[in-house]
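See structure below.
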Number of protein chains: 2
Amino acid sequence: MIDSFSISNFIENLSKSCSQVQSREFEKGEIVTTYLVNRRQVCLLASGSVDLIRYDFKGNKDIVEHFTQNAVFGEIFYQINTNNELFCIAREKSKVLFFSYDIFGKKCKNNCKFHQELTENLPNLILSKISDLNLRIELLSKRTIREKLLSYFSILSEKTFSNSFLLPFSLTDLADYLSVDRSAMMRELKLLKDDQIIKKTDNKITLLLK
Amino acid sequence: MIDSFSISNFIENLSKSCSQVQSREFEKGEIVTTYLVNRRQVCLLASGSVDLIRYDFKGNKDIVEHFTQNAVFGEIFYQINTNNELFCIAREKSKVLFFSYDIFGKKCKNNCKFHQELTENLPNLILSKISDLNLRIELLSKRTIREKLLSYFSILSEKTFSNSFLLPFSLTDLADYLSVDRSAMMRELKLLKDDQIIKKTDNKITLLLK
DNA sequence: ATTTTTCTGTTGTAATTGCAACAAATGATA
DNA sequence: TATCATTTGTTGCAATTACAACAGAAAAAT
């Protein structure tokens with residue numbers, strides 16, 4: 001599996017640039033890409049964070065997906081005809097690599113090391129994207145807010161090998177990720193505290209399961 | 001993009017078997033694979049249909065995912081630590097190819113045509129898997145049953161270029177796919193009929209939008 | 001340092017939904 | 001053909017949830 005270290009290496013090596021990969025830095029708020037055209041382009045987030053945003057017919061903003069380091073994104077992964085406009089916007093200063101999805105089979109003309117590492121690791125990046133999507137479906141499939149929260153906490157707990165962990169999102173974003181009303185989620189969090197199932201201080205959650 | 005025709009060709013050519021791909025037929029009800037071990041194995045459904053089933057701690061059966069022709073599946077795409085047991089079960093007579101995900105970069109020793117076609121097409125099969133997952137997330141993110149149904153119908157309508165289309169699922173499975181209570185969904189379908197937003201006869205839906 | 005924006009926290013209320021339970025229709029199997 | 005299993009369709013009711021609206025805290029921008 002690719003790790004942050006490898007990605008950093010990618011970026012370093014990129015100075016001796018691979019002809020088939022572009023790289024660019026974005027400031028907070030800048031549009032990284034849109035899902036309006038139909039290209040075979042893949043975006044790989046080398047550093048920072050990027051949101052996939054929808055503006056619906058009423059102009060309401062809605063976070064569809066949230067990308068962090070090593071995430072791959074782009075309209076090629078989102079062949080869904082929503083009649084809304086989808087944008088990827090940098091949440092903070094971010095570095096993004098752009099290349100064609102069809103880089104897969106092909107060898108680089110220069111036979112460059114960077115290109116080779118990229119094609120070797122892309123399959124794993126895609127695997128982890130698929131797992132992330134499946135995880136979200138798993139959570140969204142739960143019927144109640146309580147179940148959604150507890151499933152999510154349980155997964156964070158397993159990831160960190162601890163009953164205590166920091167939420168990687170703000171509570172507002174968490175409600176968005178679980179696709180529930182924020183105030184209803186806040187209420188449920190309070191009930192979970194009252195029932196002594198969790199403890200919560202700021203964005204640190206502790207599971208109190210016996 | 002790969003089509004059914006290409007897949008059929010794959011299967012035909014498979015007679016001169018590629019050393020890195022196994023193929024097997026399953027009868028209805030047979031276990032195709034389980035998500036208990038951690039292998040790099042990919043399953044590709046050449047024909048038939050397969051369900052990914054969960055049995056929770058109470059023994060309740062739950063359809064997590066439903067695969068049809070050309071779908072790729074296997075635990076490699078599902079790195080989620082649910083404490084449940086996940087099985088893939090053939091819904092009908094089905095043909096499945098098995099191979100390693102790491103087939104990607106590697107060339108076949110025999111340099112066989114089949115292997116080459118497979119590695120060329122696998123990236124596209126994976127793309128369409130990702131789009132399917134994103135589509136489901138899109139639907140599950142809707143807040144009401146009505147919105148879920150209408151979004152789903154609208155996508156089917158676009159796919160078929162028609163206001164009338166057949167549901168690819170039974171209503172029971174549709175409720176499962178949208179992760180809502182079946183009886184609540186039935187009620188909402190009736191309300192949609194009463195409000196003259198849809199017509200429904202058996203599993204044919206007609207959108208009555210002006 | 002002050003203003004503005006975003007985030008957290010809370011609550012009442014109405015609407016939606018899950019659940020349980022049932023009957024009829026359809027499909028599968030022996 | 002008879003029997004069993006699955007699917008469709010329906011309803012009452014209790015529980016959950018979305019929505020709206022607000023205030024205070026924290027963070028970001030000027």
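Within each chain, counting starts at residue 1; across the structure tokens, chains are named A, B, ... in the order shown, with ligands numbered 1 upward in that order.
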
Neighbours of segment 8-24 of chain C within 10 Å (only C-alpha atoms (C1' of nucleotides); same-chain residues fewer than 3 positions away dropped), as a PDB file with N, CA and C atoms (P, O5', C5', C4', C3', O3' and C1' of nucleotides), in the first residue's frame?
```pdb
ATOM      1  N   ARG A 143     -30.087   2.754   9.685  1.00  0.00           N
ATOM      2  CA  ARG A 143     -31.405   3.372   9.663  1.00  0.00           C
ATOM      3  C   ARG A 143     -31.546   4.574  10.590  1.00  0.00           C
ATOM      4  N   THR A 144     -30.810   4.594  11.690  1.00  0.00           N
ATOM      5  CA  THR A 144     -30.968   5.691  12.641  1.00  0.00           C
ATOM      6  C   THR A 144     -29.663   6.469  12.781  1.00  0.00           C
ATOM      7  N   SER A 170     -15.138  18.480  11.382  1.00  0.00           N
ATOM      8  CA  SER A 170     -15.958  19.281  12.288  1.00  0.00           C
ATOM      9  C   SER A 170     -17.310  18.571  12.404  1.00  0.00           C
ATOM     10  N   LEU A 171     -18.075  18.903  13.431  1.00  0.00           N
ATOM     11  CA  LEU A 171     -19.380  18.259  13.607  1.00  0.00           C
ATOM     12  C   LEU A 171     -20.317  18.584  12.444  1.00  0.00           C
ATOM     13  N   THR A 172     -20.185  19.785  11.943  1.00  0.00           N
ATOM     14  CA  THR A 172     -20.985  20.174  10.781  1.00  0.00           C
ATOM     15  C   THR A 172     -20.689  19.266   9.588  1.00  0.00           C
ATOM     16  N   SER A 183     -28.633  19.418  13.550  1.00  0.00           N
ATOM     17  CA  SER A 183     -29.197  19.597  14.887  1.00  0.00           C
ATOM     18  C   SER A 183     -29.737  18.278  15.440  1.00  0.00           C
ATOM     19  N   MET A 186     -26.741  16.507  16.698  1.00  0.00           N
ATOM     20  CA  MET A 186     -26.300  17.060  17.979  1.00  0.00           C
ATOM     21  C   MET A 186     -27.155  16.505  19.116  1.00  0.00           C
ATOM     22  N   ARG A 187     -28.448  16.457  18.867  1.00  0.00           N
ATOM     23  CA  ARG A 187     -29.356  15.914  19.879  1.00  0.00           C
ATOM     24  C   ARG A 187     -28.993  14.467  20.193  1.00  0.00           C
ATOM     25  N   LYS A 190     -25.991  14.119  22.288  1.00  0.00           N
ATOM     26  CA  LYS A 190     -26.286  14.394  23.690  1.00  0.00           C
ATOM     27  C   LYS A 190     -26.928  13.178  24.355  1.00  0.00           C
ATOM     28  N   ASP A 202     -14.821  18.575  23.220  1.00  0.00           N
ATOM     29  CA  ASP A 202     -14.449  19.154  21.932  1.00  0.00           C
ATOM     30  C   ASP A 202     -14.651  18.120  20.822  1.00  0.00           C
TER      31      ASP A 202
ATOM     32  N   ARG B 143     -32.581  12.945   1.760  1.00  0.00           N
ATOM     33  CA  ARG B 143     -33.123  12.894   3.110  1.00  0.00           C
ATOM     34  C   ARG B 143     -34.453  12.164   3.243  1.00  0.00           C
ATOM     35  N   THR B 144     -35.257  12.181   2.189  1.00  0.00           N
ATOM     36  CA  THR B 144     -36.573  11.543   2.304  1.00  0.00           C
ATOM     37  C   THR B 144     -36.696  10.392   1.311  1.00  0.00           C
ATOM     38  N   ILE B 145     -37.615   9.488   1.594  1.00  0.00           N
ATOM     39  CA  ILE B 145     -37.864   8.354   0.705  1.00  0.00           C
ATOM     40  C   ILE B 145     -38.315   8.859  -0.655  1.00  0.00           C
ATOM     41  N   VAL B 180     -34.261   1.782   2.948  1.00  0.00           N
ATOM     42  CA  VAL B 180     -35.456   2.286   3.635  1.00  0.00           C
ATOM     43  C   VAL B 180     -36.381   1.123   3.942  1.00  0.00           C
ATOM     44  N   ASP B 181     -37.264   1.343   4.864  1.00  0.00           N
ATOM     45  CA  ASP B 181     -38.235   0.317   5.212  1.00  0.00           C
ATOM     46  C   ASP B 181     -39.168   0.065   4.028  1.00  0.00           C
ATOM     47  N   ARG B 182     -39.377  -1.212   3.738  1.00  0.00           N
ATOM     48  CA  ARG B 182     -40.150  -1.538   2.547  1.00  0.00           C
ATOM     49  C   ARG B 182     -41.567  -0.993   2.609  1.00  0.00           C
ATOM     50  N   SER B 183     -42.208  -1.137   3.753  1.00  0.00           N
ATOM     51  CA  SER B 183     -43.601  -0.699   3.835  1.00  0.00           C
ATOM     52  C   SER B 183     -43.693   0.830   3.735  1.00  0.00           C
ATOM     53  N   ALA B 184     -42.708   1.505   4.304  1.00  0.00           N
ATOM     54  CA  ALA B 184     -42.692   2.968   4.182  1.00  0.00           C
ATOM     55  C   ALA B 184     -42.489   3.366   2.724  1.00  0.00           C
ATOM     56  N   MET B 185     -41.681   2.596   2.008  1.00  0.00           N
ATOM     57  CA  MET B 185     -41.458   2.891   0.595  1.00  0.00           C
ATOM     58  C   MET B 185     -42.718   2.639  -0.217  1.00  0.00           C
TER      59      MET B 185
ATOM     60  P    DT D   8     -41.914  -7.326  -5.144  1.00  0.00           P
ATOM     61  O5'  DT D   8     -43.439  -7.077  -4.776  1.00  0.00           O
ATOM     62  C5'  DT D   8     -44.452  -7.515  -5.681  1.00  0.00           C
ATOM     63  C4'  DT D   8     -45.812  -7.219  -5.080  1.00  0.00           C
ATOM     64  C3'  DT D   8     -46.076  -5.744  -4.789  1.00  0.00           C
ATOM     65  O3'  DT D   8     -47.229  -5.375  -5.510  1.00  0.00           O
ATOM     66  C1'  DT D   8     -46.678  -7.102  -2.941  1.00  0.00           C
ATOM     67  P    DG D   9     -47.633  -3.820  -5.682  1.00  0.00           P
ATOM     68  O5'  DG D   9     -48.607  -3.589  -4.438  1.00  0.00           O
ATOM     69  C5'  DG D   9     -49.769  -4.391  -4.313  1.00  0.00           C
ATOM     70  C4'  DG D   9     -50.380  -4.176  -2.943  1.00  0.00           C
ATOM     71  C3'  DG D   9     -50.384  -2.730  -2.453  1.00  0.00           C
ATOM     72  O3'  DG D   9     -51.731  -2.285  -2.409  1.00  0.00           O
ATOM     73  C1'  DG D   9     -49.836  -4.267  -0.732  1.00  0.00           C
ATOM     74  P    DT D  10     -52.081  -0.787  -2.000  1.00  0.00           P
ATOM     75  O5'  DT D  10     -52.343  -0.928  -0.430  1.00  0.00           O
ATOM     76  C5'  DT D  10     -53.174  -1.969   0.031  1.00  0.00           C
ATOM     77  C4'  DT D  10     -53.317  -1.900   1.543  1.00  0.00           C
ATOM     78  C3'  DT D  10     -53.260  -0.494   2.127  1.00  0.00           C
ATOM     79  O3'  DT D  10     -54.528  -0.188   2.672  1.00  0.00           O
ATOM     80  C1'  DT D  10     -51.954  -2.039   3.394  1.00  0.00           C
ATOM     81  P    DT D  11     -54.833   1.257   3.294  1.00  0.00           P
ATOM     82  O5'  DT D  11     -54.465   1.055   4.826  1.00  0.00           O
ATOM     83  C5'  DT D  11     -55.127   0.042   5.576  1.00  0.00           C
ATOM     84  C4'  DT D  11     -54.637   0.129   7.002  1.00  0.00           C
ATOM     85  C3'  DT D  11     -54.499   1.561   7.528  1.00  0.00           C
ATOM     86  O3'  DT D  11     -55.358   1.714   8.642  1.00  0.00           O
ATOM     87  C1'  DT D  11     -52.550   0.265   7.996  1.00  0.00           C
ATOM     88  P    DG D  12     -55.469   3.060   9.445  1.00  0.00           P
ATOM     89  O5'  DG D  12     -54.697   2.657  10.774  1.00  0.00           O
ATOM     90  C5'  DG D  12     -55.059   1.464  11.479  1.00  0.00           C
ATOM     91  C4'  DG D  12     -54.301   1.393  12.781  1.00  0.00           C
ATOM     92  C3'  DG D  12     -54.231   2.707  13.569  1.00  0.00           C
ATOM     93  O3'  DG D  12     -54.263   2.382  14.955  1.00  0.00           O
ATOM     94  C1'  DG D  12     -52.043   2.050  12.909  1.00  0.00           C
ATOM     95  P    DC D  13     -54.166   3.519  16.065  1.00  0.00           P
ATOM     96  O5'  DC D  13     -52.622   3.499  16.408  1.00  0.00           O
ATOM     97  C5'  DC D  13     -51.973   2.257  16.711  1.00  0.00           C
ATOM     98  C4'  DC D  13     -50.526   2.545  17.022  1.00  0.00           C
ATOM     99  C3'  DC D  13     -50.293   3.861  17.766  1.00  0.00           C
ATOM    100  O3'  DC D  13     -49.407   3.598  18.818  1.00  0.00           O
ATOM    101  C1'  DC D  13     -48.932   3.781  15.860  1.00  0.00           C
ATOM    102  P    DA D  14     -49.178   4.691  19.969  1.00  0.00           P
ATOM    103  O5'  DA D  14     -47.651   4.440  20.337  1.00  0.00           O
ATOM    104  C5'  DA D  14     -47.042   3.188  20.036  1.00  0.00           C
ATOM    105  C4'  DA D  14     -45.588   3.418  19.670  1.00  0.00           C
ATOM    106  C3'  DA D  14     -44.888   4.485  20.507  1.00  0.00           C
ATOM    107  O3'  DA D  14     -43.585   4.018  20.777  1.00  0.00           O
ATOM    108  C1'  DA D  14     -44.796   5.100  18.223  1.00  0.00           C
ATOM    109  P    DA D  15     -42.551   4.867  21.668  1.00  0.00           P
ATOM    110  O5'  DA D  15     -41.411   5.171  20.615  1.00  0.00           O
ATOM    111  C5'  DA D  15     -40.960   4.121  19.748  1.00  0.00           C
ATOM    112  C4'  DA D  15     -40.053   4.731  18.704  1.00  0.00           C
ATOM    113  C3'  DA D  15     -39.041   5.716  19.275  1.00  0.00           C
ATOM    114  O3'  DA D  15     -37.768   5.316  18.816  1.00  0.00           O
ATOM    115  C1'  DA D  15     -40.286   6.716  17.490  1.00  0.00           C
ATOM    116  P    DT D  16     -36.459   6.224  19.084  1.00  0.00           P
ATOM    117  O5'  DT D  16     -36.312   6.986  17.697  1.00  0.00           O
ATOM    118  C5'  DT D  16     -36.334   6.230  16.515  1.00  0.00           C
ATOM    119  C4'  DT D  16     -36.267   7.171  15.340  1.00  0.00           C
ATOM    120  C3'  DT D  16     -35.098   8.157  15.392  1.00  0.00           C
ATOM    121  O3'  DT D  16     -34.379   7.967  14.191  1.00  0.00           O
ATOM    122  C1'  DT D  16     -37.142   9.285  14.932  1.00  0.00           C
ATOM    123  P    DT D  17     -33.047   8.828  13.891  1.00  0.00           P
ATOM    124  O5'  DT D  17     -33.659  10.082  13.148  1.00  0.00           O
ATOM    125  C5'  DT D  17     -34.388   9.848  11.961  1.00  0.00           C
ATOM    126  C4'  DT D  17     -34.898  11.160  11.425  1.00  0.00           C
ATOM    127  C3'  DT D  17     -33.833  12.249  11.384  1.00  0.00           C
ATOM    128  O3'  DT D  17     -33.578  12.510  10.022  1.00  0.00           O
ATOM    129  C1'  DT D  17     -35.917  13.046  12.240  1.00  0.00           C
ATOM    130  P    DA D  18     -32.561  13.631   9.538  1.00  0.00           P
ATOM    131  O5'  DA D  18     -33.546  14.785   9.072  1.00  0.00           O
ATOM    132  C5'  DA D  18     -34.545  14.486   8.111  1.00  0.00           C
ATOM    133  C4'  DA D  18     -35.444  15.692   7.903  1.00  0.00           C
ATOM    134  C3'  DA D  18     -34.707  16.974   7.523  1.00  0.00           C
ATOM    135  O3'  DA D  18     -35.453  17.612   6.490  1.00  0.00           O
ATOM    136  C1'  DA D  18     -35.939  17.308   9.532  1.00  0.00           C
ATOM    137  P    DC D  19     -34.861  18.892   5.755  1.00  0.00           P
ATOM    138  O5'  DC D  19     -35.569  20.104   6.507  1.00  0.00           O
ATOM    139  C5'  DC D  19     -36.970  20.038   6.792  1.00  0.00           C
ATOM    140  C4'  DC D  19     -37.367  21.181   7.691  1.00  0.00           C
ATOM    141  C3'  DC D  19     -36.566  22.472   7.487  1.00  0.00           C
ATOM    142  O3'  DC D  19     -37.475  23.510   7.168  1.00  0.00           O
ATOM    143  C1'  DC D  19     -36.767  21.938   9.786  1.00  0.00           C
ATOM    144  P    DA D  20     -36.968  24.956   6.685  1.00  0.00           P
ATOM    145  O5'  DA D  20     -37.206  25.837   7.989  1.00  0.00           O
ATOM    146  C5'  DA D  20     -38.395  25.670   8.756  1.00  0.00           C
ATOM    147  C4'  DA D  20     -38.304  26.512  10.003  1.00  0.00           C
ATOM    148  C3'  DA D  20     -37.446  27.777   9.844  1.00  0.00           C
ATOM    149  O3'  DA D  20     -38.129  28.873  10.427  1.00  0.00           O
ATOM    150  C1'  DA D  20     -36.658  26.488  11.660  1.00  0.00           C
ATOM    151  P    DA D  21     -37.546  30.375  10.292  1.00  0.00           P
ATOM    152  O5'  DA D  21     -37.672  30.934  11.774  1.00  0.00           O
ATOM    153  C5'  DA D  21     -38.017  30.066  12.864  1.00  0.00           C
ATOM    154  C4'  DA D  21     -37.065  30.306  14.012  1.00  0.00           C
ATOM    155  C3'  DA D  21     -36.125  31.502  13.842  1.00  0.00           C
ATOM    156  O3'  DA D  21     -36.343  32.422  14.889  1.00  0.00           O
ATOM    157  C1'  DA D  21     -34.944  29.589  14.621  1.00  0.00           C
ATOM    158  P    DC D  22     -35.624  33.844  14.923  1.00  0.00           P
ATOM    159  O5'  DC D  22     -34.537  33.643  16.073  1.00  0.00           O
ATOM    160  C5'  DC D  22     -34.960  33.186  17.353  1.00  0.00           C
ATOM    161  C4'  DC D  22     -33.790  32.587  18.090  1.00  0.00           C
ATOM    162  C3'  DC D  22     -32.589  33.522  18.229  1.00  0.00           C
ATOM    163  O3'  DC D  22     -32.626  34.145  19.501  1.00  0.00           O
ATOM    164  C1'  DC D  22     -31.993  31.215  17.881  1.00  0.00           C
ATOM    165  P    DA D  23     -31.538  35.282  19.849  1.00  0.00           P
ATOM    166  O5'  DA D  23     -30.429  34.461  20.652  1.00  0.00           O
ATOM    167  C5'  DA D  23     -30.799  33.650  21.761  1.00  0.00           C
ATOM    168  C4'  DA D  23     -29.533  33.070  22.345  1.00  0.00           C
ATOM    169  C3'  DA D  23     -28.413  34.100  22.491  1.00  0.00           C
ATOM    170  O3'  DA D  23     -27.692  33.828  23.683  1.00  0.00           O
ATOM    171  C1'  DA D  23     -27.709  32.364  21.053  1.00  0.00           C
ATOM    172  P    DG D  24     -26.623  34.893  24.245  1.00  0.00           P
ATOM    173  O5'  DG D  24     -25.298  34.037  24.275  1.00  0.00           O
ATOM    174  C5'  DG D  24     -25.311  32.756  24.877  1.00  0.00           C
ATOM    175  C4'  DG D  24     -24.109  31.984  24.383  1.00  0.00           C
ATOM    176  C3'  DG D  24     -22.799  32.767  24.507  1.00  0.00           C
ATOM    177  O3'  DG D  24     -21.859  31.903  25.116  1.00  0.00           O
ATOM    178  C1'  DG D  24     -23.065  31.948  22.305  1.00  0.00           C
ATOM    179  P    DA D  25     -20.359  32.356  25.405  1.00  0.00           P
ATOM    180  O5'  DA D  25     -19.557  31.478  24.344  1.00  0.00           O
ATOM    181  C5'  DA D  25     -19.773  30.067  24.302  1.00  0.00           C
ATOM    182  C4'  DA D  25     -18.821  29.471  23.291  1.00  0.00           C
ATOM    183  C3'  DA D  25     -17.391  29.980  23.402  1.00  0.00           C
ATOM    184  O3'  DA D  25     -16.536  28.860  23.275  1.00  0.00           O
ATOM    185  C1'  DA D  25     -18.241  30.422  21.221  1.00  0.00           C
ATOM    186  P    DA D  26     -14.950  29.008  23.401  1.00  0.00           P
ATOM    187  O5'  DA D  26     -14.511  28.948  21.875  1.00  0.00           O
ATOM    188  C5'  DA D  26     -14.963  27.876  21.055  1.00  0.00           C
ATOM    189  C4'  DA D  26     -14.551  28.133  19.633  1.00  0.00           C
ATOM    190  C3'  DA D  26     -13.090  28.557  19.468  1.00  0.00           C
ATOM    191  O3'  DA D  26     -12.499  27.651  18.558  1.00  0.00           O
ATOM    192  C1'  DA D  26     -14.536  30.022  18.285  1.00  0.00           C
TER     193       DA D  26
END
```

Taking only C-alpha atoms into account, report as an MDAnalysis selection string which residues of chain B lie within 8 Å of chain A.
chainID B and resid 76:81 104:105 119:120 123 127:128 130:131 133:137 140:143 155 158 178:180

Any chance you could list, as an NGL selection string, the residues in segment 124-205 of chain B that come up strand (DSSP E or B) when DSSP is run on the backbone?
:B and (164-166 or 198-201 or 204-205)

Could you check which of C:DA25, C:DC7, C:DA1, C:DA30 is closest to chain A, using only C-alpha atoms (C1' of nucleotides)?
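Checking each candidate against chain A, we get C:DC7 as the closest.
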
So that I can check the surroundings of Lys61 of chain B, please list as a PyMOL selection string every protein, DNA and RNA residue that reaches within 12 Å of it, counting only C-alpha atoms (C1' of nucleotides) and ignoring chain neighbours fewer than 6 positions away.
chain B and resi 51-55+84-87+176
